[in-house]
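J.: Enclosed is the structure file data.txt (compact mmCIF, C-alpha atoms).
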# COMPACT_ATOMS: atom_id res chain seq x y z
CA MET T 17 22.69 31.39 1.91
CA LEU T 18 18.94 31.76 1.48
CA VAL T 19 17.10 28.98 -0.33
CA GLU T 20 15.07 30.27 -3.25
CA LYS T 21 11.35 29.68 -2.74
CA GLY T 22 9.03 28.38 -5.41
CA PRO T 23 6.31 30.43 -7.09
CA GLN T 24 3.72 29.06 -4.66
CA ASN T 25 5.56 30.80 -1.78
CA LYS T 26 5.92 34.18 -3.52
CA ARG T 27 4.90 37.15 -1.39
CA THR T 28 2.18 39.55 -2.44
CA PHE T 29 2.66 42.98 -4.00
CA GLU T 30 1.88 44.57 -0.61
CA ASP T 31 4.81 42.64 0.91
CA THR T 32 7.07 44.15 -1.74
CA LYS T 33 5.86 47.66 -0.83
CA ARG T 34 6.46 47.05 2.88
CA ALA T 35 9.95 45.64 2.30
CA TYR T 36 10.86 48.58 0.03
CA ARG T 37 9.53 51.15 2.48
CA LYS T 38 11.35 49.60 5.43
CA ALA T 39 14.65 49.52 3.52
CA TYR T 40 14.09 53.06 2.18
CA GLU T 41 13.51 54.45 5.67
CA GLN T 42 16.65 52.71 6.90
CA VAL T 43 18.78 54.18 4.07
CA VAL T 44 17.32 57.68 4.48
CA GLY T 45 17.82 57.49 8.26
CA ASP T 46 21.50 56.62 7.77
CA ARG T 47 21.96 59.56 5.37
CA LEU T 48 20.22 61.96 7.74
CA ARG T 49 22.46 60.88 10.58
CA GLU T 50 25.53 61.40 8.36
CA MET T 51 24.31 64.98 7.80
CA GLY T 52 23.85 65.52 11.52
CA LEU T 53 20.04 65.42 11.35
CA SER T 54 17.75 63.24 13.42
CA TRP T 55 15.14 60.89 11.99
CA GLU T 56 11.81 62.46 12.97
CA ALA T 57 9.15 61.08 10.63
CA ASP T 58 8.32 58.31 8.20
CA LEU T 59 8.54 58.87 4.49
CA SER T 60 5.84 61.10 3.07
CA ILE T 61 4.77 61.31 -0.57
CA VAL T 62 4.35 64.80 -2.02
CA GLY T 63 3.56 66.03 -5.51
CA ILE T 64 6.10 68.03 -7.50
CA ASP T 65 4.85 69.44 -10.81
CA GLY T 66 2.48 66.55 -11.29
CA GLU T 67 5.15 64.03 -10.33
CA LEU T 68 5.58 62.03 -7.15
CA SER T 69 8.57 62.30 -4.90
CA VAL T 70 9.51 61.16 -1.42
CA ARG T 71 10.61 63.61 1.25
CA ALA T 72 12.15 62.81 4.62
CA GLY T 73 11.77 65.03 7.65
CA LYS T 74 9.04 66.42 9.85
CA ASN T 75 8.87 70.05 8.72
CA SER T 76 9.92 72.15 5.73
CA LYS T 77 13.16 73.22 7.44
CA ASN T 78 14.49 69.68 7.76
CA GLU T 79 12.75 68.14 4.70
CA ILE T 80 15.20 66.49 2.34
CA LEU T 81 14.22 65.40 -1.16
CA ILE T 82 15.38 61.86 -1.87
CA PHE T 83 15.67 60.62 -5.47
CA SER T 84 13.56 63.25 -7.21
CA PRO T 85 11.89 62.03 -10.44
CA VAL T 86 13.15 62.80 -13.92
CA LYS T 87 10.42 64.50 -15.92
CA GLY T 88 9.36 63.33 -19.36
CA ARG T 89 12.67 62.19 -20.78
CA PRO T 90 13.84 58.72 -21.75
CA LEU T 91 16.03 56.72 -19.43
CA ARG T 92 19.72 57.32 -19.66
CA LYS T 93 22.32 54.73 -18.84
CA ARG T 94 23.97 54.95 -15.43
CA ASP T 95 21.31 57.37 -14.18
CA SER T 96 20.43 55.74 -10.83
CA SER T 97 17.74 58.31 -10.05
CA ASN T 98 15.51 56.99 -12.86
CA LYS T 99 14.84 53.55 -11.45
CA HIS T 100 14.19 54.93 -7.98
CA SER T 101 11.76 57.52 -9.35
CA ILE T 102 9.91 54.87 -11.34
CA THR T 103 9.87 52.57 -8.31
CA GLN T 104 8.42 55.27 -6.06
CA ILE T 105 5.72 56.21 -8.56
CA TYR T 106 4.72 52.61 -9.23
CA LEU T 107 4.77 51.45 -5.60
CA PHE T 108 3.17 54.43 -3.90
CA ASP T 109 0.67 55.69 -6.48
CA PRO T 110 -2.31 53.28 -6.61
CA ASP T 111 -3.54 54.75 -9.93
CA LYS T 112 -0.35 54.42 -11.97
CA SER T 113 0.00 51.25 -14.03
CA LEU T 114 3.07 49.87 -15.81
CA GLU T 115 1.71 51.11 -19.14
CA GLU T 116 1.08 54.66 -17.90
CA ILE T 117 4.53 55.01 -16.36
CA GLY T 118 6.11 53.52 -19.47
CA SER T 119 4.35 56.00 -21.75
CA HIS T 120 5.63 58.87 -19.55
CA TYR T 121 9.24 57.72 -19.74
CA LYS T 122 8.86 56.41 -23.30
CA ILE T 123 9.74 52.82 -22.43
CA THR T 124 7.80 49.53 -22.51
CA ARG T 125 5.78 48.20 -19.58
CA GLU T 126 8.23 45.30 -19.23
CA ARG T 127 11.12 47.75 -19.01
CA VAL T 128 9.24 49.60 -16.24
CA ARG T 129 8.78 46.33 -14.34
CA GLN T 130 12.49 45.57 -14.68
CA GLN T 131 13.41 49.04 -13.37
CA VAL T 132 11.02 48.64 -10.42
CA LYS T 133 12.61 45.32 -9.60
CA LYS T 134 16.13 46.82 -9.81
CA GLY T 135 15.06 49.78 -7.65
CA VAL T 136 13.60 47.56 -4.94
CA LEU T 137 16.51 45.13 -4.90
CA GLY T 138 19.00 48.00 -4.91
CA ILE T 139 17.49 49.55 -1.79
CA LEU T 140 17.21 46.14 -0.11
CA ALA T 141 20.88 45.47 -0.81
CA GLU T 142 21.93 48.90 0.48
CA ALA T 143 19.88 48.38 3.65
CA LYS T 144 21.31 44.83 3.91
CA ILE T 145 17.87 43.20 4.09
CA PRO T 146 18.31 39.60 2.83
CA ILE T 147 15.31 38.94 0.57
CA GLU T 148 15.69 36.88 -2.58
CA PRO T 149 14.29 38.42 -5.83
CA ASN T 150 12.00 35.47 -6.52
CA GLU T 151 10.29 35.93 -3.17
CA LEU T 152 8.73 39.26 -4.18
CA SER T 153 5.97 40.17 -6.60
CA PHE T 154 6.54 43.29 -8.73
CA ARG T 155 3.09 43.44 -10.33
CA LYS T 156 0.06 45.19 -8.88
CA PRO T 157 -3.04 43.01 -8.51
CA LEU T 158 -5.29 43.39 -11.53
CA LYS T 159 -8.36 45.56 -11.05
CA PRO T 160 -11.77 44.25 -12.21
CA LEU T 161 -12.54 45.39 -15.72
CA SER T 162 -15.28 47.98 -16.07
CA ASP T 163 -18.38 47.29 -18.17
CA ALA T 164 -17.13 49.74 -20.82
CA VAL T 165 -13.82 47.87 -21.13
CA LYS T 166 -15.66 44.55 -21.37
CA ASP T 167 -17.79 45.98 -24.17
CA ARG T 168 -14.67 47.08 -26.05
CA LEU T 169 -13.10 43.62 -25.59
CA SER T 170 -16.29 41.98 -26.88
CA SER T 171 -16.26 44.28 -29.90
CA PHE T 172 -12.61 43.39 -30.55
CA HIS T 173 -13.43 39.65 -30.44
CA GLY T 174 -16.43 39.83 -32.76
CA GLY T 175 -19.03 41.55 -30.58
CA VAL T 176 -21.28 38.51 -29.94
CA MET T 177 -21.79 39.32 -26.26
CA LEU T 178 -22.31 43.01 -27.09
CA ARG T 179 -25.00 42.19 -29.68
CA ILE T 180 -26.77 39.84 -27.24
CA LYS T 181 -26.62 42.56 -24.58
CA GLU T 182 -28.22 45.09 -26.94
CA ALA T 183 -30.87 42.56 -28.05
CA VAL T 184 -31.80 41.69 -24.45
CA GLY T 185 -31.97 45.40 -23.64
CA SER T 186 -34.57 45.85 -26.37
CA GLY T 187 -36.72 43.10 -24.79
CA VAL T 188 -36.23 40.11 -27.10
CA SER T 189 -37.06 36.60 -25.88
CA LEU T 190 -34.94 33.45 -26.01
CA PRO T 191 -36.57 32.14 -29.22
CA ASP T 192 -35.90 35.53 -30.81
CA LEU T 193 -32.20 35.29 -29.89
CA ARG T 194 -32.07 31.90 -31.61
CA LYS T 195 -33.79 33.31 -34.70
CA MET T 196 -31.16 36.07 -34.79
CA GLY T 197 -28.52 33.34 -35.32
CA PHE T 198 -27.04 32.97 -31.82
CA ASN T 199 -26.36 29.35 -30.84
CA GLU T 200 -26.78 27.86 -27.34
CA ASN T 201 -23.08 28.14 -26.46
CA GLN T 202 -23.01 31.84 -27.33
CA ILE T 203 -26.19 32.51 -25.33
CA ASN T 204 -24.98 30.55 -22.29
CA ASP T 205 -21.59 32.27 -22.38
CA ALA T 206 -23.22 35.71 -22.64
CA ARG T 207 -25.63 34.81 -19.79
CA LYS T 208 -22.70 33.88 -17.55
CA ARG T 209 -20.60 36.94 -18.39
CA LEU T 210 -23.42 39.52 -18.31
CA SER T 211 -24.62 38.27 -14.90
CA LYS T 212 -21.19 39.13 -13.37
CA ARG T 213 -21.11 42.76 -14.51
CA GLU T 214 -21.28 45.86 -12.35
CA ASN T 215 -24.83 46.27 -13.65
CA PRO T 216 -25.94 42.64 -14.15
CA ILE T 217 -28.07 41.80 -17.18
CA CYS T 218 -30.35 38.72 -17.20
CA VAL T 219 -30.42 36.80 -20.47
CA PRO T 220 -33.71 34.85 -20.89
CA ARG T 221 -33.59 31.15 -19.96
CA THR T 222 -35.31 28.09 -21.36
CA THR T 223 -36.57 27.12 -17.90
CA LYS T 224 -38.14 29.06 -15.09
CA ASP T 225 -35.90 30.98 -12.71
CA TRP T 226 -36.42 29.19 -9.38
CA ARG T 227 -34.25 31.46 -7.24
CA GLU T 228 -37.17 33.44 -5.80
CA ILE T 229 -39.13 30.30 -4.83
CA ARG T 230 -35.99 28.76 -3.28
CA ARG T 231 -35.46 31.94 -1.27
CA ILE T 232 -39.04 31.76 0.05
CA LEU T 233 -38.70 28.06 0.94
CA GLN T 234 -35.39 28.61 2.74
CA ASN T 235 -36.63 31.64 4.69
CA THR T 236 -37.43 30.47 8.24
CA SER T 237 -39.94 33.31 8.73
CA THR T 238 -42.11 32.28 5.76
CA PRO T 239 -45.65 31.31 6.97
CA ARG T 240 -46.48 27.60 6.82
CA VAL T 241 -49.42 28.17 4.47
CA VAL T 242 -47.09 29.87 1.97
CA LEU T 243 -44.55 27.01 2.26
CA CYS T 244 -47.23 24.41 1.49
CA GLU T 245 -48.32 26.38 -1.59
CA ARG T 246 -44.86 27.26 -2.95
CA ILE T 247 -43.37 23.77 -2.67
CA LYS T 248 -46.13 22.48 -4.98
CA GLN T 249 -44.76 24.75 -7.72
CA ILE T 250 -41.39 22.94 -7.75
CA ASP T 251 -40.91 20.54 -10.66
CA LYS T 252 -38.19 18.10 -11.64
CA THR T 253 -35.61 20.77 -12.55
CA PRO T 254 -34.88 22.17 -9.07
CA TYR T 255 -35.68 18.92 -7.24
CA ASN T 256 -33.15 16.87 -9.21
CA ASN T 257 -30.51 19.45 -8.15
CA ARG T 258 -31.40 19.02 -4.48
CA LYS T 259 -27.96 17.77 -3.42
CA PRO T 260 -25.95 20.91 -4.27
CA ASN T 261 -28.82 23.13 -3.10
CA ASN T 262 -29.42 21.14 0.10
CA ILE T 263 -33.06 22.30 0.18
CA PHE T 264 -35.19 19.19 -0.35
CA GLU T 265 -35.46 15.80 1.36
CA SER T 266 -37.19 12.81 -0.27
CA ILE T 267 -40.21 11.36 1.55
CA SER T 268 -38.72 7.87 1.22
CA GLY T 269 -35.53 9.05 2.98
CA LEU T 270 -37.64 10.75 5.66
CA ALA T 271 -39.61 7.51 6.17
CA ARG T 272 -36.43 5.42 6.61
CA LYS T 273 -35.03 7.89 9.15
CA SER T 274 -38.25 7.65 11.17
CA GLY T 275 -38.19 3.83 11.30
CA LEU T 276 -40.71 3.06 8.56
CA TYR T 277 -40.14 0.38 5.91
CA PRO T 278 -42.42 1.01 2.90
CA ARG T 279 -43.20 -2.31 1.17
CA ASP T 280 -45.18 -1.10 -1.81
CA SER T 281 -42.87 1.82 -2.57
CA LYS T 282 -45.29 3.84 -4.69
CA GLY T 283 -48.42 3.19 -2.63
CA ASP T 284 -46.79 3.48 0.79
CA ILE T 285 -44.78 6.60 -0.03
CA LYS T 286 -47.88 8.26 -1.48
CA PHE T 287 -49.76 7.32 1.71
CA ILE T 288 -46.97 8.80 3.89
CA ALA T 289 -46.84 12.00 1.80
CA GLU T 290 -50.62 12.47 2.06
CA TYR T 291 -50.46 11.97 5.83
CA LEU T 292 -47.68 14.59 6.18
CA ALA T 293 -49.61 17.03 3.99
CA SER T 294 -52.68 16.56 6.23
CA GLN T 295 -50.48 17.55 9.20
CA ASN T 296 -49.61 20.88 7.53
CA PHE T 297 -46.16 19.61 6.49
CA PRO T 298 -44.97 21.04 3.11
CA VAL T 299 -44.88 18.25 0.50
CA GLY T 300 -44.01 18.59 -3.17
CA VAL T 301 -44.50 16.20 -6.10
CA SER T 302 -42.23 15.98 -9.14
CA THR T 303 -42.61 13.74 -12.19
CA ARG T 304 -39.98 12.94 -14.79
CA GLU T 305 -39.60 10.53 -17.69
CA LEU T 306 -36.72 8.08 -17.39
CA LYS T 307 -34.27 8.51 -20.27
CA SER T 308 -32.27 5.29 -19.91
CA GLY T 309 -32.19 1.86 -18.26
CA LYS T 310 -34.68 -0.98 -18.43
CA HIS T 311 -37.50 1.38 -17.35
CA LYS T 312 -36.76 3.88 -20.11
CA GLY T 313 -39.86 5.82 -21.10
CA LYS T 314 -41.68 5.29 -17.81
CA VAL T 315 -42.73 8.25 -15.67
CA GLN T 316 -41.21 8.37 -12.19
CA THR T 317 -42.88 10.31 -9.39
CA ASP T 318 -40.77 11.87 -6.64
CA ARG T 319 -42.34 13.16 -3.42
CA PHE T 320 -40.27 15.41 -1.20
CA GLY T 321 -40.29 17.83 1.72
CA LEU T 322 -37.96 20.52 3.03
CA LYS T 323 -34.58 19.53 4.42
CA ARG T 324 -34.73 22.11 7.21
CA LEU T 325 -38.02 20.60 8.48
CA GLU T 326 -36.59 17.07 8.63
CA GLU T 327 -36.77 16.76 12.43
CA GLU T 328 -40.43 17.83 12.43
CA GLY T 329 -41.25 15.24 9.76
CA ILE T 330 -39.51 12.45 11.70
CA ILE T 331 -41.49 13.32 14.86
CA LEU T 332 -44.77 13.30 12.91
CA LEU T 333 -44.08 9.89 11.36
CA ARG T 334 -42.89 8.31 14.60
CA SER T 335 -46.07 9.37 16.38
CA ALA T 336 -48.37 8.36 13.49
CA LYS T 337 -50.93 5.64 14.36
CA GLY T 338 -52.83 3.20 12.20
CA GLU T 339 -52.66 -0.35 10.89
CA ARG T 340 -50.70 0.61 7.79
CA PHE T 341 -48.08 2.51 9.80
CA GLU T 342 -47.73 -0.41 12.23
CA LYS T 343 -47.18 -2.74 9.28
CA MET T 344 -44.49 -0.46 7.87
CA ARG T 345 -42.71 -0.34 11.26
CA LYS T 346 -42.02 -4.06 11.10
CA PRO T 347 -38.59 -4.77 9.61
CA PRO T 348 -38.88 -6.03 6.03
CA ILE T 349 -36.21 -8.68 6.66
CA VAL T 350 -36.80 -11.47 9.18
CA VAL T 351 -33.77 -13.53 10.25
CA VAL T 352 -34.18 -17.25 10.84
CA GLY T 353 -31.27 -18.72 12.75
CA PRO T 354 -28.25 -16.85 14.16
CA VAL T 355 -28.27 -13.09 13.56
CA PRO T 356 -25.21 -12.04 11.47
CA ASP T 357 -22.84 -9.25 12.46
CA LYS T 358 -23.87 -7.24 9.40
CA MET T 359 -27.43 -7.35 8.11
CA PRO T 360 -28.00 -7.17 4.36
CA THR T 361 -30.20 -4.43 2.94
CA THR T 362 -33.40 -5.02 1.03
CA MET T 363 -31.55 -3.95 -2.10
CA ASP T 364 -28.91 -6.63 -1.46
CA LEU T 365 -31.59 -9.32 -1.31
CA GLN T 366 -33.55 -7.99 -4.27
CA LYS T 367 -30.50 -7.71 -6.54
CA LYS T 368 -28.86 -10.85 -5.08
CA ASN T 369 -25.72 -8.99 -4.07
CA ASN T 370 -23.61 -11.76 -2.45
CA HIS T 371 -26.88 -13.57 -1.63
CA SER T 372 -28.98 -16.20 -3.42
CA SER T 373 -32.34 -17.96 -3.07
CA ILE T 374 -32.59 -21.16 -1.07
CA PHE T 375 -34.83 -23.26 -3.35
CA PRO T 376 -32.10 -24.05 -5.96
CA LEU T 377 -30.19 -25.83 -3.15
CA LEU T 378 -32.91 -28.51 -3.05
CA LYS T 379 -32.30 -29.59 -6.66
CA THR T 380 -29.45 -31.77 -5.38
CA TYR T 381 -32.10 -33.80 -3.54
CA ASN T 382 -34.42 -34.24 -6.57
CA ILE T 383 -36.75 -31.45 -5.47
CA ASN T 384 -37.21 -29.35 -8.57
CA SER T 385 -40.53 -27.60 -7.84
CA THR T 386 -42.71 -26.48 -5.00
CA ASN T 387 -45.22 -29.20 -5.90
CA THR T 388 -42.61 -31.87 -5.11
CA LEU T 389 -41.96 -30.31 -1.73
CA ARG T 390 -45.69 -29.91 -1.09
CA GLY T 391 -46.15 -33.62 -1.78
CA LEU T 392 -43.90 -34.35 1.18
CA GLY T 393 -46.33 -32.43 3.38
CA ILE T 394 -43.94 -29.63 4.27
CA SER T 395 -43.22 -26.11 3.08
CA LEU T 396 -39.85 -24.48 2.50
CA SER T 397 -40.33 -22.22 5.53
CA GLU T 398 -41.08 -25.22 7.76
CA LEU T 399 -38.04 -27.03 6.39
CA ILE T 400 -35.59 -24.45 7.74
CA THR T 401 -37.27 -23.43 11.01
CA ASN T 402 -35.54 -26.15 13.03
CA ASN T 403 -32.53 -24.00 14.09
CA PRO T 404 -30.50 -23.66 10.85
CA PRO T 405 -26.72 -23.32 11.44
CA VAL T 406 -26.51 -20.13 9.35
CA ALA T 407 -28.63 -17.00 8.97
CA VAL T 408 -31.54 -17.30 6.55
CA PHE T 409 -33.16 -14.04 5.48
CA LYS T 410 -36.89 -13.91 4.82
CA MET T 411 -38.23 -10.93 2.86
CA SER T 412 -41.82 -11.14 1.73
CA LYS T 413 -42.11 -14.77 0.48
CA ASP T 414 -38.50 -15.11 -0.63
CA LEU T 415 -35.84 -16.92 1.43
CA SER T 416 -32.19 -16.05 0.86
CA VAL T 417 -28.82 -17.01 2.26
CA ALA T 418 -25.35 -15.50 1.98
CA ASN T 419 -23.27 -17.14 -0.77
CA SER T 420 -20.56 -17.94 1.78
CA ASP T 421 -23.08 -20.04 3.80
CA ARG T 422 -24.64 -21.96 0.91
CA ASP T 423 -22.74 -25.24 1.48
CA ARG T 424 -23.50 -25.41 5.21
CA LEU T 425 -27.19 -24.71 4.62
CA GLN T 426 -27.33 -27.33 1.85
CA GLU T 427 -26.00 -30.01 4.23
CA PHE T 428 -28.56 -28.92 6.84
CA LEU T 429 -31.41 -29.19 4.31
CA GLY T 430 -30.22 -32.70 3.38
CA ARG T 431 -30.42 -33.83 7.00
CA ARG T 432 -33.88 -32.28 7.38
CA LEU T 433 -35.15 -34.09 4.28
CA GLN T 434 -33.81 -37.43 5.59
CA GLU T 435 -35.76 -36.90 8.79
CA ILE T 436 -39.03 -36.81 6.83
CA ASN T 437 -38.07 -39.76 4.62
CA THR T 438 -37.17 -37.94 1.41
CA PRO T 439 -35.76 -39.81 -1.58
CA GLU T 440 -32.10 -40.74 -1.37
CA LYS T 441 -29.52 -38.22 -2.42
CA MET T 442 -28.52 -38.56 -6.07
As structure tokens, please, write out the structure in this file.

T.:
Amino acid sequence: MLVEKGPQNKRTFEDTKRAYRKAYEQVVGDRLREMGLSWEADLSIVGIDGELSVRAGKNSKNEILIFSPVKGRPLRKRDSSNKHSITQIYLFDPDKSLEEIGSHYKITRERVRQQVKKGVLGILAEAKIPIEPNELSFRKPLKPLSDAVKDRLSSFHGGVMLRIKEAVGSGVSLPDLRKMGFNENQINDARKRLSKRENPICVPRTTKDWREIRRILQNTSTPRVVLCERIKQIDKTPYNNRKPNNIFESISGLARKSGLYPRDSKGDIKFIAEYLASQNFPVGVSTRELKSGKHKGKVQTDRFGLKRLEEEGIILLRSAKGERFEKMRKPPIVVVGPVPDKMPTTMDLQKKNNHSSIFPLLKTYNINSTNTLRGLGISLSELITNNPPVAVFKMSKDLSVANSDRDRLQEFLGRRLQEINTPEKM
């Protein structure tokens, strides 16, 4: 017994046609052999008075009409030729829909589908081909709607898209559409639907259409002079969508990939961008106002290049010479003591992610300020340079330690302070 498959395993409409045709040929072949005739050709579809029928045989002498259609009359009970006629017309005529066949036989489209299903399963059963009903699809794939049909549907549902289409055709602008009473949702919906038509229509946008500039920037045959000019036209709108477009690469990301560590992010990144621009490398600048966070209201500047020229940018920055570049090539984090298996990032140290400053550890030893430590004739850096047992991270003038190593470093600092005759531990 066959196991019924779920809807996700249902075969396509073309599979139904192939199964029906195979079974039909088998049944017709058996009948021809019973009549003493040989099977000489596949089924052929011929027109009879505007109807479709199926004939078997190679020439007119041996052609046999199988299940001829019933013309223009309603279905009668126990008339087996009806369902086979409907099945043949629906399966083999690409232009006949369920509605059209139903109007010819004066039955509903659902009744036509049921008759097609019965006709297919009847032939499959007679040919002894074991296919379960739920495995087959008895509906033709839907054809794309024409623009005229879409206009009629829009008119039926209120005609908003149709009115926007007519307004755009007369040359109105986006502000004019708003003055005509169309809201943003209606305009956006019409823009999406009208762009997918056979003859696409462009509804005006609030922002510039960047598709042409993107195409120029992505074209590998575009001259370098044109690239350098066009990328300067990009503003925050297309740059902020750089991830899905995969067109732009930030200068800061390019610097990190080339082994540079900008200290003063704004100044150093601007310096790197100006150097790349002087080497005929396309560089764009985008500014935007921050809408949230503690820096809300401030203007942020983004500098970027082209993603496809990333390797060229890395080579330029690695070969760049100068005191400022040499300074940026030095790692921003210096490790004092044993090097850990996993180094923290500068962001980890700045935001104190699982790390903390060292100076608060000295409060246990009555050292509450740098002046107190300076009075002992030693600095904090000198206090920990004598082989600390854990990794101490120095970034700029700040010294940090992992939270998991705080206790061990505190004991080490206590021993170091005793060596230089510090006050007794409280």

J.: Do you know which residues are at most 10 Å from segment 236-240 of chain T counting only C-alpha atoms, after dropping those on the same chain fewer than 6 positions away, and could you put them as number ranges by chain?

T.: T: 246, 296-298, 324-325

J.: How close does each residue of segment 331-368 of chain T get to segment 415-432 of chain T, giving the shortest atom pair and distance in Å to one decimal for every residue with an atom at most 12 Å away, counting all atoms listed in the file, sorted by chain and residue number, as a Markdown table?

T.:
| residue | atom | partner | partner_atom | distance |
| --- | --- | --- | --- | --- |
| T:Ile349 | CA | T:Leu415 | CA | 9.8 |
| T:Val350 | CA | T:Leu415 | CA | 9.5 |
| T:Val351 | CA | T:Leu415 | CA | 9.7 |
| T:Val352 | CA | T:Leu415 | CA | 9.6 |
| T:Gly353 | CA | T:Leu425 | CA | 10.9 |
| T:Pro354 | CA | T:Val417 | CA | 11.9 |
| T:Val355 | CA | T:Val417 | CA | 12.0 |
| T:Pro356 | CA | T:Ala418 | CA | 10.1 |
| T:Lys358 | CA | T:Ala418 | CA | 11.2 |
| T:Met359 | CA | T:Ala418 | CA | 10.4 |
| T:Pro360 | CA | T:Ala418 | CA | 9.1 |
| T:Thr361 | CA | T:Ser416 | CA | 12.0 |
| T:Thr362 | CA | T:Ser416 | CA | 11.1 |
| T:Asp364 | CA | T:Ala418 | CA | 10.2 |
| T:Leu365 | CA | T:Ser416 | CA | 7.1 |
| T:Gln366 | CA | T:Ser416 | CA | 9.7 |
| T:Lys367 | CA | T:Ser416 | CA | 11.3 |
| T:Lys368 | CA | T:Ser416 | CA | 8.6 |

J.: Those selected residues, please, written with C-alpha atoms and delivered as a PDB file, in the frame of the given file.

T.:
ATOM      1  CA  ILE T 349     -36.210  -8.680   6.660  1.00  0.00           C
ATOM      2  CA  VAL T 350     -36.800 -11.470   9.180  1.00  0.00           C
ATOM      3  CA  VAL T 351     -33.770 -13.530  10.250  1.00  0.00           C
ATOM      4  CA  VAL T 352     -34.180 -17.250  10.840  1.00  0.00           C
ATOM      5  CA  GLY T 353     -31.270 -18.720  12.750  1.00  0.00           C
ATOM      6  CA  PRO T 354     -28.250 -16.850  14.160  1.00  0.00           C
ATOM      7  CA  VAL T 355     -28.270 -13.090  13.560  1.00  0.00           C
ATOM      8  CA  PRO T 356     -25.210 -12.040  11.470  1.00  0.00           C
ATOM      9  CA  LYS T 358     -23.870  -7.240   9.400  1.00  0.00           C
ATOM     10  CA  MET T 359     -27.430  -7.350   8.110  1.00  0.00           C
ATOM     11  CA  PRO T 360     -28.000  -7.170   4.360  1.00  0.00           C
ATOM     12  CA  THR T 361     -30.200  -4.430   2.940  1.00  0.00           C
ATOM     13  CA  THR T 362     -33.400  -5.020   1.030  1.00  0.00           C
ATOM     14  CA  ASP T 364     -28.910  -6.630  -1.460  1.00  0.00           C
ATOM     15  CA  LEU T 365     -31.590  -9.320  -1.310  1.00  0.00           C
ATOM     16  CA  GLN T 366     -33.550  -7.990  -4.270  1.00  0.00           C
ATOM     17  CA  LYS T 367     -30.500  -7.710  -6.540  1.00  0.00           C
ATOM     18  CA  LYS T 368     -28.860 -10.850  -5.080  1.00  0.00           C
TER      19      LYS T 368
END

J.: Report the distance between atom CA of Asn382 of chain T and atom CA of Ser395 of chain T in Å, rounded to one decimal place.

T.: 15.4 Å

J.: Compile the contact shell of segment 140-146 of chain T as a PDB file with C-alpha atoms, in the coordinates of the input: residues with an atom at most 7 Å away, counting all atoms listed in the file, same-chain residues fewer than 2 positions apart removed.

T.:
ATOM      1  CA  TYR T  36      10.860  48.580   0.030  1.00  0.00           C
ATOM      2  CA  ALA T  39      14.650  49.520   3.520  1.00  0.00           C
ATOM      3  CA  GLN T  42      16.650  52.710   6.900  1.00  0.00           C
ATOM      4  CA  VAL T  43      18.780  54.180   4.070  1.00  0.00           C
ATOM      5  CA  VAL T 136      13.600  47.560  -4.940  1.00  0.00           C
ATOM      6  CA  LEU T 137      16.510  45.130  -4.900  1.00  0.00           C
ATOM      7  CA  GLY T 138      19.000  48.000  -4.910  1.00  0.00           C
ATOM      8  CA  GLU T 148      15.690  36.880  -2.580  1.00  0.00           C
TER       9      GLU T 148
END

J.: Which one is closest to Gly300 of chain T: T:Gly321, T:Gly283, T:Gly329, T:Gly45? Count all atoms listed in the file.

T.: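 Comparing T:Gly321, T:Gly283, T:Gly329, T:Gly45 against Gly300 of chain T, the winner is T:Gly321.
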
J.: Could you write out as lines of an AutoDock Vina configuration file the box around segment 425-430 of chain T (axis-aligned, all atoms listed in the file, 8 Å on each side), with centre and edge lengths in Å to one decimal?

T.:
center_x = -28.7
center_y = -28.7
center_z = 4.3
size_x = 21.4
size_y = 24.0
size_z = 21.0

J.: Which of these residues is nearest to Phe264 of chain T, using all atoms listed in the file: T:Ser119, T:Ser211, T:Ser372, T:Ser302?

T.: T:Ser302

J.: At what distance in Å, to one decimal, does atom CA of Gly187 of chain T lie from atom CA of Gln202 of chain T?

T.: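 Computed distance, atom CA of Gln202 of chain T to atom CA of Gly187 of chain T, equals 17.9 Å.
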
J.: Hey, what's within 8 Å of Arg129 of chain T if we count only C-alpha atoms and toss same-chain stuff fewer than 5 positions away? As a list in words, please?

T.: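 The residues that qualify are Leu114, Phe154 and Arg155 of chain T.
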
J.: Compare T:Ser274, T:Ser170, T:Ser335, T:Asn150 by their minimum atom-to-atom distance to Arg209 of chain T, counting all atoms listed in the file, and give me the closest one.

T.: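 Of all the options, T:Ser170 lies closest to Arg209 of chain T.
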
J.: For Ile247 of chain T, work out the shell of residues within 12 Å, counting all atoms listed in the file and skipping chain neighbours fewer than 3 positions away, then give it as a PyMOL selection string.

T.: chain T and resi 226+228-234+240-244+250-252+254-255+263-265+293+297-302+319-322

J.: Could you please determine the separation between atom CA of Lys248 of chain T and atom CA of Pro191 of chain T in Å, to one decimal place?

T.: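 Distance between the two atoms: 27.8 Å.
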
J.: I want to know what sits within 10 Å of Ser397 of chain T, based on all atoms listed in the file, with residues of the same chain fewer than 2 positions away left out; could you give that as number ranges by chain?

T.: T: 352, 394-395, 399-402, 410, 413-415

J.: Nearest residue to Leu332 of chain T out of T:Leu270, T:Ala206, T:Ile217, T:Ile374, using all atoms listed in the file?

T.: T:Leu270

J.: Kindly extract all protein, DNA and RNA residues lying within 10 Å of the coordinates (-24.3, 43.0, -21.7) given in the file, considering only C-alpha atoms, and supply them as a PyMOL selection string.

T.: chain T and resi 163-164+166-167+170+176-185+206-207+209-213+215-219
